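Student: Sharing a structure with you now.
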Amino acid sequence: MSIVQQINCSHCGAPIAFEPGEIIATCIYCGYTVVIETGKAFTFEHSMLLNKYDPTQIEEPIRNWMQEGFLKPSDLARKSKITEKTLTYIPFWMVTTRVDTAYKGIFERITPPVVKEGHIEKEYDWLVIARKATEFPTREYEVPLEGKIPYDFRKIEAFAKTLNSEIDQDEAVEQARQEIEEQHRYLAQQDIDKIIEIKSEIKIDQTVYLHAPIWLVRYEYKGKAYQLIMDGATGTAIKGDIPSTAFGLL
Ligand SMILES: [Zn+2]
């Protein structure tokens with residue numbers, strides 16, 4: 001069980017509850033966002049995406065997801081029972097970057113092998129989840145940025161839960177850097193077989209703290225439990241467990 005602690009909101013005076021490990025918290029009464037350790041205002045851009053569904057309405061996109069695609073059992077939408085659907089505003093850091101990676105390596109797919117050089121130039125809105133123990137498929141989640149608005153606590157539904165941040169901006173940027181370097185190493189390896197040297201220049205243009213409406217759905221199909229993560233802003237499935245179909249072909 002976690003111990004909830006509290007500080008007083010320096011904007012409206014209301015208590016702001018937070019849990020151990022949380023370092024940036026938002027007042028549920030006025031939307032003021034505070035750095036817990038210092039009690040000072042959070043000075044970065046704080047945005048949110050709006051959720052479009054209530055617990056009844058979200059069933060339609062869930063059933064649609066169950067019906068689409070040939071990998072799913074054909075009776076999935078009909079026979080599944082949705083056992084849980086909860087909306088949580090999950091905090092993310094979105095790191096907007098321009099990356100230029102220069103690499104040099106050995107291309108071994110011809111004889112004799114040759115030394116080859118190349119560049120990878122990319123721009124990203126790289127997403128880092130601001131929670132430590134939460135598993136979230138950030139690479140599968142395409143953030144619908146066109147719907148991004150300044151954070152407004154009045155837009156958070158009473159039935160929804162909001163999580164605070166457990167990692168600060170510096171940690172998020174560092175994590176984004178590491179993940180981007182890893183990704184570019186992978187991309188370079190599509191072009192060369194042995195890396196001699198690789199160097200990424202990563203320019204950070206902007207870092208935004210973002211709360212996104214995520215539905216966690218649990219459903220049962222033929223006596224087994226499965227999980228599905230839905231984007232509340234668009235109604236699209238971010239990632240879902242699919243019961244295996246026994247085709248019996250072999
Ligand atoms: Zn407040």
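Starting from 1 in every chain, residues are counted up; chains themselves are A, B, ... following the order of the structure tokens, and ligands are numbered from 1 as listed.
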For the structure I just gave you, how does DSSP split range 160-225 of chain A - specifically, which residues are helix (DSSP H, G or I)? Reply as a ChimeraX atom specification.

Tutor: /A:169-188

Student: Using only C-alpha atoms and all ligand atoms, which residues of the polymer chains come no farther than 8 Å from ligand 1? I'd like the answer as a list in words.

Tutor: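 Based on only C-alpha atoms and all ligand atoms, ligand 1 is surrounded within 8 Å by Asn8, Cys9, Ser10, His11, Cys12, Gly13, Ala14, Pro15, Ile16, Thr26, Cys27, Ile28, Tyr29, Cys30, Gly31 and Tyr32 of chain A.
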
Student: Compile the contact shell of range 197-210 of chain A as a ChimeraX atom specification: residues with an atom at most 7 Å away, counting only C-alpha atoms, same-chain residues fewer than 4 positions apart removed.

Tutor: /A:44-48,91-105,181

Student: Point out the residue among A:Asp191, A:Glu59, A:Asp231, A:Glu220 with the least atom-to-atom distance to Ile106 in chain A, counting only C-alpha atoms.

Tutor: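 For Ile106 in chain A, the nearest of the candidates is A:Asp191.
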
Student: Considering only C-alpha atoms, return as an NGL selection string whatever protein or nucleic-acid residues lie within 9 Å of Lys85 in chain A, sequence-local ones (same chain, fewer than 4 positions apart) excluded.

Tutor: :A and (55 or 58-59 or 215-219)

Student: How would the residues just picked look written out with N, CA, C and O atoms as an mmCIF file, in the first residue's frame?

Tutor:
```cif
data_model
loop_
_atom_site.group_PDB
_atom_site.id
_atom_site.type_symbol
_atom_site.label_atom_id
_atom_site.label_comp_id
_atom_site.auth_asym_id
_atom_site.auth_seq_id
_atom_site.Cartn_x
_atom_site.Cartn_y
_atom_site.Cartn_z
ATOM 1 N N PRO A 55 -17.448 6.014 -20.262
ATOM 2 C CA PRO A 55 -17.283 4.556 -20.158
ATOM 3 C C PRO A 55 -18.250 3.741 -21.045
ATOM 4 O O PRO A 55 -17.945 2.603 -21.394
ATOM 5 N N ILE A 58 -16.953 4.300 -25.000
ATOM 6 C CA ILE A 58 -15.671 3.686 -25.371
ATOM 7 C C ILE A 58 -15.868 2.241 -25.864
ATOM 8 O O ILE A 58 -15.026 1.697 -26.576
ATOM 9 N N GLU A 59 -17.014 1.655 -25.527
ATOM 10 C CA GLU A 59 -17.268 0.271 -25.966
ATOM 11 C C GLU A 59 -17.319 0.130 -27.480
ATOM 12 O O GLU A 59 -16.922 -0.895 -28.024
ATOM 13 N N TRP A 215 -7.178 4.709 -22.027
ATOM 14 C CA TRP A 215 -8.138 3.749 -21.459
ATOM 15 C C TRP A 215 -7.455 2.399 -21.297
ATOM 16 O O TRP A 215 -6.895 1.866 -22.255
ATOM 17 N N LEU A 216 -7.523 1.890 -20.088
ATOM 18 C CA LEU A 216 -7.056 0.529 -19.867
ATOM 19 C C LEU A 216 -8.291 -0.362 -19.836
ATOM 20 O O LEU A 216 -9.196 -0.160 -19.031
ATOM 21 N N VAL A 217 -8.306 -1.305 -20.749
ATOM 22 C CA VAL A 217 -9.472 -2.164 -20.906
ATOM 23 C C VAL A 217 -9.066 -3.604 -20.614
ATOM 24 O O VAL A 217 -7.998 -4.051 -21.041
ATOM 25 N N ARG A 218 -9.894 -4.287 -19.870
ATOM 26 C CA ARG A 218 -9.701 -5.726 -19.694
ATOM 27 C C ARG A 218 -10.932 -6.440 -20.211
ATOM 28 O O ARG A 218 -12.053 -5.965 -20.014
ATOM 29 N N TYR A 219 -10.700 -7.521 -20.913
ATOM 30 C CA TYR A 219 -11.845 -8.274 -21.394
ATOM 31 C C TYR A 219 -11.608 -9.771 -21.249
ATOM 32 O O TYR A 219 -10.468 -10.220 -21.101
#
```

Student: Restricting the calculation to only C-alpha atoms, which member of A:Ala77, A:Val114, A:Ile62, A:Ile129 is positioned closest to Glu171 in chain A?

Tutor: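 Answer, going by the shortest atom-to-atom distance: A:Ile129.
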
Student: Could you name the residues that touch Glu157 in chain A at 9 Å or less, counting only C-alpha atoms, but leaving out those on the same chain fewer than 5 positions away, as a count of residues only?

Tutor: 3

Student: When distances are computed from only C-alpha atoms, which of A:Leu76, A:Ile90, A:Ala158, A:Leu163 shows the smallest separation from Pro243 in chain A?

Tutor: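 Among the listed residues, A:Leu76 lies closest to Pro243 in chain A.
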
Student: List the spatial neighbours of Glu37 in chain A as a ChimeraX atom specification - criterion: any atom at most 10 Å away, only C-alpha atoms, same-chain residues fewer than 4 positions off excluded.

Tutor: /A:22-24

Student: Ranking A:His211, A:Lys222, A:His184, A:Arg139 by minimum distance to Leu127 in chain A and counting only C-alpha atoms, which one comes first?

Tutor: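 For Leu127 in chain A, the nearest of the given residues is A:Arg139.
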
Student: Measuring atom to atom with only C-alpha atoms, identify which of A:Glu182, A:Glu166, A:Asp152, A:Glu68 is nearest to Leu50 in chain A.

Tutor: A:Asp152

Student: Have a look at A:Arg109, A:Lys122, A:Lys239, A:Arg78 and name the one nearest to Gln183 in chain A; count only C-alpha atoms.

Tutor: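 Checking each of A:Arg109, A:Lys122, A:Lys239, A:Arg78 against Gln183 in chain A, counting only C-alpha atoms, the winner is A:Lys122.
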
Student: How would you write, as JSON, numbers by chain, the set of residues in range 41-196 of chain A that DSSP gives as strand (DSSP E or B)?

Tutor: {"A": [41, 45, 46, 47, 48, 81, 82, 83, 84, 85, 86, 87, 88, 89, 90, 91, 92, 93, 94, 95, 96, 97, 98, 99, 100, 101, 102, 103, 104, 105, 106, 107, 114, 115, 116, 117, 118, 119, 120, 121, 122, 123, 124, 125, 126, 127, 128, 129, 149, 150, 161, 162, 165, 194, 195, 196]}

Student: Could you tell me how far CA of Lys40 in chain A sits from CA of Thr88 in chain A, in Å to one decimal place?

Tutor: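 Separation between CA of Thr88 in chain A and CA of Lys40 in chain A: 25.3 Å.
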
Student: Report, in Å to a single decimal, how far apart CA of Phe159 in chain A and CA of Trp65 in chain A are.

Tutor: 23.3 Å

Student: Could you work out how far CA of Val173 in chain A lies from CA of Ile195 in chain A, giving the answer in Å with one decimal?

Tutor: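 The value is 25.3 Å.
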
Student: Residues within 7 Å of Ala25 in chain A, please, as a PDB file with N, CA and C atoms, in the first residue's frame. Count only C-alpha atoms; anything in the same chain fewer than 3 positions from it doesn't count.

Tutor:
```pdb
ATOM      1  N   PHE A  18       0.272  13.524  -3.053  1.00  0.00           N
ATOM      2  CA  PHE A  18       1.216  12.859  -3.948  1.00  0.00           C
ATOM      3  C   PHE A  18       1.750  11.609  -3.280  1.00  0.00           C
ATOM      4  N   THR A  33       0.586  23.289 -11.422  1.00  0.00           N
ATOM      5  CA  THR A  33       1.525  22.169 -11.424  1.00  0.00           C
ATOM      6  C   THR A  33       2.793  22.567 -10.701  1.00  0.00           C
ATOM      7  N   VAL A  34       3.192  21.746  -9.763  1.00  0.00           N
ATOM      8  CA  VAL A  34       4.259  22.119  -8.835  1.00  0.00           C
ATOM      9  C   VAL A  34       5.357  21.053  -8.799  1.00  0.00           C
ATOM     10  N   VAL A  35       6.589  21.536  -8.614  1.00  0.00           N
ATOM     11  CA  VAL A  35       7.707  20.618  -8.396  1.00  0.00           C
ATOM     12  C   VAL A  35       7.723  20.334  -6.886  1.00  0.00           C
ATOM     13  N   ILE A  36       7.461  19.110  -6.503  1.00  0.00           N
ATOM     14  CA  ILE A  36       7.229  18.777  -5.091  1.00  0.00           C
ATOM     15  C   ILE A  36       8.402  19.161  -4.187  1.00  0.00           C
ATOM     16  N   ASN A 164       0.722  11.628 -11.543  1.00  0.00           N
ATOM     17  CA  ASN A 164       1.780  12.631 -11.503  1.00  0.00           C
ATOM     18  C   ASN A 164       3.072  12.075 -12.085  1.00  0.00           C
ATOM     19  N   SER A 165       4.038  12.977 -12.279  1.00  0.00           N
ATOM     20  CA  SER A 165       5.298  12.559 -12.884  1.00  0.00           C
ATOM     21  C   SER A 165       6.290  12.044 -11.853  1.00  0.00           C
TER      22      SER A 165
END
```
